[in-house]
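Below is the file query.pdb, which contains PDB, C-alpha atoms, pLDDT in the B column.
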```pdb
ATOM      1  CA  MET H   1      37.084  90.390  83.410  1.00 94.00           C
ATOM      2  CA  LYS H   2      35.659  88.994  86.616  1.00 97.00           C
ATOM      3  CA  GLU H   3      33.311  86.022  86.252  1.00 98.00           C
ATOM      4  CA  VAL H   4      30.709  84.753  88.727  1.00 98.00           C
ATOM      5  CA  ASP H   5      28.853  81.456  88.344  1.00 98.00           C
ATOM      6  CA  ALA H   6      25.644  81.698  90.363  1.00 97.00           C
ATOM      7  CA  ARG H   7      23.716  78.984  88.529  1.00 97.00           C
ATOM      8  CA  GLY H   8      21.781  76.687  90.817  1.00 96.00           C
ATOM      9  CA  LEU H   9      21.970  79.100  93.738  1.00 96.00           C
ATOM     10  CA  SER H  10      18.960  80.709  95.361  1.00 90.00           C
ATOM     11  CA  CYS H  11      18.771  84.288  96.544  1.00 86.00           C
ATOM     12  CA  PRO H  12      20.532  85.984  98.158  1.00 93.00           C
ATOM     13  CA  MET H  13      23.643  83.960  97.182  1.00 96.00           C
ATOM     14  CA  PRO H  14      23.930  85.223  93.549  1.00 97.00           C
ATOM     15  CA  LEU H  15      23.717  88.797  94.821  1.00 96.00           C
ATOM     16  CA  MET H  16      26.263  88.180  97.576  1.00 97.00           C
ATOM     17  CA  LEU H  17      28.729  86.511  95.190  1.00 98.00           C
ATOM     18  CA  THR H  18      28.385  89.383  92.724  1.00 98.00           C
ATOM     19  CA  LYS H  19      28.875  91.962  95.448  1.00 97.00           C
ATOM     20  CA  LYS H  20      32.016  90.119  96.629  1.00 97.00           C
ATOM     21  CA  ALA H  21      33.385  90.118  93.054  1.00 98.00           C
ATOM     22  CA  LEU H  22      32.760  93.868  92.798  1.00 98.00           C
ATOM     23  CA  GLU H  23      35.131  94.483  95.733  1.00 96.00           C
ATOM     24  CA  ASP H  24      38.004  94.149  93.221  1.00 93.00           C
ATOM     25  CA  ASP H  25      36.411  96.970  91.160  1.00 95.00           C
ATOM     26  CA  PRO H  26      36.608  95.121  87.815  1.00 97.00           C
ATOM     27  CA  ALA H  27      36.142  97.034  84.570  1.00 98.00           C
ATOM     28  CA  GLU H  28      33.964  94.163  83.336  1.00 98.00           C
ATOM     29  CA  ILE H  29      32.016  91.458  85.120  1.00 98.00           C
ATOM     30  CA  LEU H  30      30.076  88.476  83.785  1.00 98.00           C
ATOM     31  CA  VAL H  31      27.499  86.754  85.977  1.00 98.00           C
ATOM     32  CA  HIS H  32      25.861  83.448  85.048  1.00 98.00           C
ATOM     33  CA  ALA H  33      22.440  82.969  86.652  1.00 97.00           C
ATOM     34  CA  ASP H  34      19.472  80.717  86.079  1.00 96.00           C
ATOM     35  CA  SER H  35      16.535  82.462  87.736  1.00 94.00           C
ATOM     36  CA  GLY H  36      14.610  85.582  86.838  1.00 95.00           C
ATOM     37  CA  THR H  37      14.838  86.882  90.404  1.00 95.00           C
ATOM     38  CA  SER H  38      18.617  86.514  90.448  1.00 96.00           C
ATOM     39  CA  LYS H  39      18.813  88.255  87.080  1.00 97.00           C
ATOM     40  CA  GLN H  40      16.773  91.215  88.301  1.00 96.00           C
ATOM     41  CA  ASN H  41      18.745  91.544  91.538  1.00 97.00           C
ATOM     42  CA  VAL H  42      22.153  91.322  89.832  1.00 98.00           C
ATOM     43  CA  VAL H  43      21.135  93.809  87.111  1.00 98.00           C
ATOM     44  CA  GLY H  44      20.002  96.247  89.813  1.00 98.00           C
ATOM     45  CA  LEU H  45      23.219  95.824  91.787  1.00 98.00           C
ATOM     46  CA  LEU H  46      25.445  96.357  88.748  1.00 98.00           C
ATOM     47  CA  SER H  47      23.452  99.444  87.761  1.00 98.00           C
ATOM     48  CA  ASP H  48      23.834 100.816  91.295  1.00 97.00           C
ATOM     49  CA  TYR H  49      27.605 100.352  90.969  1.00 97.00           C
ATOM     50  CA  GLY H  50      27.640 102.350  87.723  1.00 97.00           C
ATOM     51  CA  TYR H  51      27.940  99.518  85.220  1.00 98.00           C
ATOM     52  CA  THR H  52      26.266  99.425  81.832  1.00 98.00           C
ATOM     53  CA  VAL H  53      24.395  96.133  81.851  1.00 98.00           C
ATOM     54  CA  ASP H  54      23.652  93.738  78.990  1.00 98.00           C
ATOM     55  CA  VAL H  55      21.627  90.556  79.522  1.00 98.00           C
ATOM     56  CA  GLN H  56      21.594  87.594  77.166  1.00 98.00           C
ATOM     57  CA  GLN H  57      19.253  84.677  77.718  1.00 97.00           C
ATOM     58  CA  ASP H  58      19.936  81.142  76.530  1.00 95.00           C
ATOM     59  CA  GLY H  59      17.055  78.898  77.522  1.00 94.00           C
ATOM     60  CA  GLU H  60      16.695  79.290  81.267  1.00 91.00           C
ATOM     61  CA  GLU H  61      20.198  80.699  81.768  1.00 96.00           C
ATOM     62  CA  TYR H  62      21.193  84.348  81.834  1.00 98.00           C
ATOM     63  CA  ARG H  63      24.547  85.909  81.010  1.00 98.00           C
ATOM     64  CA  ILE H  64      24.637  89.267  82.738  1.00 98.00           C
ATOM     65  CA  LYS H  65      27.522  91.432  81.595  1.00 98.00           C
ATOM     66  CA  GLY H  66      28.458  94.669  83.274  1.00 98.00           C
ATOM     67  CA  ALA H  67      30.986  97.075  81.805  1.00 98.00           C
ATOM     68  CA  ARG H  68      32.297 100.503  82.679  1.00 94.00           C
TER      69      ARG H  68
END
```
Could I get this file's structure written as structure tokens?
Amino acid sequence: MKEVDARGLSCPMPLMLTKKALEDDPAEILVHADSGTSKQNVVGLLSDYGYTVDVQQDGEEYRIKGAR
């Protein structure tokens, strides 16, 4: 599983880090984010890449998991 920590980063950095991680074509990816905009952008990107996406929220942090 590939893991990306994008907490504390403003757009477009979370999206760019996620896209970079997807270059390795992981079967599963977990992205940590702490803004609603980052969450929406990462979910959209993972969906575009064919991943099934699950989002869990803990306070103001999001765990975005993509799996194939």
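For the pair atom CA of H:Asp25 and atom CA of H:Gly59, the separation is 29.8 Å.
Put simply, atom CA of H:Leu30 is 12.7 Å away from atom CA of H:Glu61.
Closest approach to H:Thr52 among H:His32, H:Lys19, H:Lys39, H:Arg68: H:Arg68, based on only C-alpha atoms.
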If the PyMOL selection byres ((chain H and resi 28) around 8) is run on the structure shown, which residues does it catch, given as an MDAnalysis selection string? chainID H and resid 1:2 26:27 29:30 65:68
Let's have the selection written as a short mmCIF file (atom, residue, chain, number, x, y, z; two decimals), keeping the file's coordinate frame, with C-alpha atoms.
```
data_model
loop_
_atom_site.label_atom_id
_atom_site.label_comp_id
_atom_site.auth_asym_id
_atom_site.auth_seq_id
_atom_site.Cartn_x
_atom_site.Cartn_y
_atom_site.Cartn_z
CA MET H 1 37.08 90.39 83.41
CA LYS H 2 35.66 88.99 86.62
CA PRO H 26 36.61 95.12 87.82
CA ALA H 27 36.14 97.03 84.57
CA ILE H 29 32.02 91.46 85.12
CA LEU H 30 30.08 88.48 83.78
CA LYS H 65 27.52 91.43 81.60
CA GLY H 66 28.46 94.67 83.27
CA ALA H 67 30.99 97.08 81.81
CA ARG H 68 32.30 100.50 82.68
#
```
Any chance you could resolve the PyMOL selection byres ((chain H and resi 40) around 12) against this file and give the residues as a PyMOL selection string? chain H and resi 11-12+14-15+31+33-39+41-47+53-55+62-64
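Considering only C-alpha atoms, the residue among H:Glu3, H:Leu22, H:Gly8, H:Met13 positioned nearest to H:Gly50 is H:Leu22.
What separates atom CA of H:Asp5 from atom CA of H:Gln56 is a distance of 14.7 Å.
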Using the structure just given, write a file holding C-alpha atoms for chain H, as a PDB file, in the first residue's frame.
```
ATOM      1  CA  MET H   1       0.000   0.000   0.000  1.00  0.00           C
ATOM      2  CA  LYS H   2       1.245   3.437  -0.945  1.00  0.00           C
ATOM      3  CA  GLU H   3       0.722   6.178   1.643  1.00  0.00           C
ATOM      4  CA  VAL H   4       0.680   9.949   1.110  1.00  0.00           C
ATOM      5  CA  ASP H   5       0.654  12.488   3.940  1.00  0.00           C
ATOM      6  CA  ALA H   6      -0.756  15.736   2.565  1.00  0.00           C
ATOM      7  CA  ARG H   7      -1.845  17.233   5.884  1.00  0.00           C
ATOM      8  CA  GLY H   8      -1.024  20.902   6.236  1.00  0.00           C
ATOM      9  CA  LEU H   9      -0.505  21.355   2.506  1.00  0.00           C
ATOM     10  CA  SER H  10      -2.603  23.625   0.331  1.00  0.00           C
ATOM     11  CA  CYS H  11      -3.782  22.820  -3.163  1.00  0.00           C
ATOM     12  CA  PRO H  12      -2.459  21.770  -5.556  1.00  0.00           C
ATOM     13  CA  MET H  13       0.232  19.987  -3.483  1.00  0.00           C
ATOM     14  CA  PRO H  14      -1.996  17.147  -2.125  1.00  0.00           C
ATOM     15  CA  LEU H  15      -3.146  16.413  -5.670  1.00  0.00           C
ATOM     16  CA  MET H  16       0.394  16.515  -7.054  1.00  0.00           C
ATOM     17  CA  LEU H  17       1.735  14.209  -4.324  1.00  0.00           C
ATOM     18  CA  THR H  18      -1.097  11.746  -4.927  1.00  0.00           C
ATOM     19  CA  LYS H  19      -0.536  11.805  -8.668  1.00  0.00           C
ATOM     20  CA  LYS H  20       3.196  11.152  -8.119  1.00  0.00           C
ATOM     21  CA  ALA H  21       2.365   8.170  -5.867  1.00  0.00           C
ATOM     22  CA  LEU H  22       0.054   6.766  -8.552  1.00  0.00           C
ATOM     23  CA  GLU H  23       2.992   6.538 -10.987  1.00  0.00           C
ATOM     24  CA  ASP H  24       3.949   3.281  -9.213  1.00  0.00           C
ATOM     25  CA  ASP H  25       0.441   1.929  -9.995  1.00  0.00           C
ATOM     26  CA  PRO H  26      -0.273   0.715  -6.436  1.00  0.00           C
ATOM     27  CA  ALA H  27      -3.149  -1.679  -5.800  1.00  0.00           C
ATOM     28  CA  GLU H  28      -4.040   0.403  -2.737  1.00  0.00           C
ATOM     29  CA  ILE H  29      -3.298   3.976  -1.749  1.00  0.00           C
ATOM     30  CA  LEU H  30      -4.016   5.887   1.456  1.00  0.00           C
ATOM     31  CA  VAL H  31      -3.976   9.683   1.451  1.00  0.00           C
ATOM     32  CA  HIS H  32      -4.119  11.764   4.633  1.00  0.00           C
ATOM     33  CA  ALA H  33      -5.564  15.245   4.083  1.00  0.00           C
ATOM     34  CA  ASP H  34      -6.975  17.968   6.273  1.00  0.00           C
ATOM     35  CA  SER H  35      -9.065  20.147   3.969  1.00  0.00           C
ATOM     36  CA  GLY H  36     -12.357  19.553   2.222  1.00  0.00           C
ATOM     37  CA  THR H  37     -10.969  20.848  -1.073  1.00  0.00           C
ATOM     38  CA  SER H  38      -8.032  18.444  -0.945  1.00  0.00           C
ATOM     39  CA  LYS H  39     -10.411  15.603  -0.119  1.00  0.00           C
ATOM     40  CA  GLN H  40     -12.631  16.370  -3.102  1.00  0.00           C
ATOM     41  CA  ASN H  41      -9.697  16.716  -5.499  1.00  0.00           C
ATOM     42  CA  VAL H  42      -7.991  13.501  -4.346  1.00  0.00           C
ATOM     43  CA  VAL H  43     -11.265  11.528  -4.468  1.00  0.00           C
ATOM     44  CA  GLY H  44     -11.829  12.753  -8.033  1.00  0.00           C
ATOM     45  CA  LEU H  45      -8.290  11.862  -9.084  1.00  0.00           C
ATOM     46  CA  LEU H  46      -8.472   8.357  -7.612  1.00  0.00           C
ATOM     47  CA  SER H  47     -11.844   7.774  -9.276  1.00  0.00           C
ATOM     48  CA  ASP H  48     -10.393   8.913 -12.610  1.00  0.00           C
ATOM     49  CA  TYR H  49      -7.607   6.346 -12.169  1.00  0.00           C
ATOM     50  CA  GLY H  50     -10.159   3.569 -11.614  1.00  0.00           C
ATOM     51  CA  TYR H  51      -9.917   3.207  -7.848  1.00  0.00           C
ATOM     52  CA  THR H  52     -12.819   2.464  -5.544  1.00  0.00           C
ATOM     53  CA  VAL H  53     -12.653   5.240  -2.975  1.00  0.00           C
ATOM     54  CA  ASP H  54     -13.552   5.193   0.722  1.00  0.00           C
ATOM     55  CA  VAL H  55     -13.287   8.318   2.883  1.00  0.00           C
ATOM     56  CA  GLN H  56     -13.151   8.328   6.666  1.00  0.00           C
ATOM     57  CA  GLN H  57     -13.227  11.563   8.621  1.00  0.00           C
ATOM     58  CA  ASP H  58     -11.711  12.005  12.068  1.00  0.00           C
ATOM     59  CA  GLY H  59     -12.264  15.560  13.243  1.00  0.00           C
ATOM     60  CA  GLU H  60     -10.793  17.769  10.549  1.00  0.00           C
ATOM     61  CA  GLU H  61      -8.641  15.016   9.032  1.00  0.00           C
ATOM     62  CA  TYR H  62      -9.565  12.730   6.164  1.00  0.00           C
ATOM     63  CA  ARG H  63      -8.268   9.254   5.388  1.00  0.00           C
ATOM     64  CA  ILE H  64      -8.865   8.669   1.704  1.00  0.00           C
ATOM     65  CA  LYS H  65      -8.351   5.061   0.685  1.00  0.00           C
ATOM     66  CA  GLY H  66      -8.302   3.921  -2.903  1.00  0.00           C
ATOM     67  CA  ALA H  67      -8.324   0.264  -3.884  1.00  0.00           C
ATOM     68  CA  ARG H  68      -8.504  -1.678  -7.113  1.00  0.00           C
TER      69      ARG H  68
END
```
